[in-house]
Amino acid sequence: MRRPNRFLLLSLSVFLAACGSDAADEAAVEASDMEAAPVVASASGLSCTVMGDTEGRASALEQVSFSYDGGEGLLCYGAPSANGREVVGGLVPFGQPWRLGANEPTTFHLSAATTIGGVSVDAGSYSIYAIPGETEWQFFLNSNTDRWGIPIDGAVRSSEVGSFRANPETLASPVETLTFEHVSNVIAVSWENTRLNIPIGGM
């Protein structure tokens with residue numbers, strides 16, 4: 001099969017980025033041949049892994065460093081913005097797997113064993129995705145991190161190592177850009193009018 005023209009793919013990514021579309025990120029990674037490269041992002045030596053160049057992406061690569069009992073952690077994710085779109089139940093449909101971000105899979109990097117949402121995990125890297133529901137979300141931890149974030153198909157789901165559930169909270173003020181933050185022993189996920197808490201350790 002003939003390779004896509006690199007110049008055309010890069011041009012398309014720039015155009016889509018100007019429109020504020022997450023599709024720009026997909027075009028940009030195709031143009032970069034999806035080559036994985038580590039990006040050191042924490043004093044503990046843990047690092048995010050990216051596919052190709054992050055420059056010009058519509059959804060920036062973000063990371064959250066955190067400590068837990070016995071170890072250090074790094075959470076890496078692509079941070080899309082609502083840009084006037086309905087997010088939960090719209091852009092992020094109910095009942096379908098969602099990568100909890102954009103670009104590469106949202107990934108935990110852990111220096112020591114702990115629990116995530118009550119699921120016991122060893123030191124290492126784990127992607128996390130969710131199936132949103134109106135009153136309850138189900139989260140899945142997966143040992144497959146060296147991939148693009150979508151599709152979350154049967155091949156990806158065959159590497160699941162555990163799952164847990166969380167109830168969404170309604171925020172008083174909307175959050176424009178997907179945000180993860182570490183608060184005590186919880187990773188809080190906020191976007192649009194929804195917040196969910198992912199317990200880390202202490203279970």
# chains A, B, ... in the order shown; residues from 1 in each chain; ligands from 1

$ residues_around --residues "Arg157 in chain A" --least-positions-apart "4" --cutoff "12 Å" --atoms "only C-alpha atoms" --output "list of chain:residue names"
A:Pro97, A:Arg99, A:Ser127, A:Ile128, A:Tyr129, A:Ala130, A:Phe139, A:Phe140, A:Leu141, A:Asn142, A:Ser143, A:Asn144, A:Thr145, A:Ile150, A:Pro151, A:Ile152, A:Asp153, A:Val161, A:Gly162, A:Ser163

$ atom_distance --atom1 "CA of Val175 in chain A" --atom2 "CA of Val88 in chain A"
12.0 Å

$ atom_distance --atom1 "CA of Tyr77 in chain A" --atom2 "CA of Ala172 in chain A"
24.2 Å

$ atom_distance --atom1 "CA of Gly45 in chain A" --atom2 "CA of Glu62 in chain A"
16.2 Å

$ closest_residue --among "A:Glu160, A:Glu136, A:Glu72, A:Glu181" --to "Ala123 in chain A" --atoms "only C-alpha atoms"
A:Glu72

$ residues_around --residues "Ala166 in chain A" --least-positions-apart "3" --cutoff "12 Å" --atoms "only C-alpha atoms" --output "list in words"
Ile116, Gly117, Gly118, Ala130, Ile131, Pro132, Gly133, Glu134, Thr135, Glu136, Trp137, Gln138, Phe139, Phe140, Ser163, Glu169, Val186, Ile187, Ala188, Val189, Thr194, Arg195, Leu196, Asn197, Ile198 and Pro199 of chain A
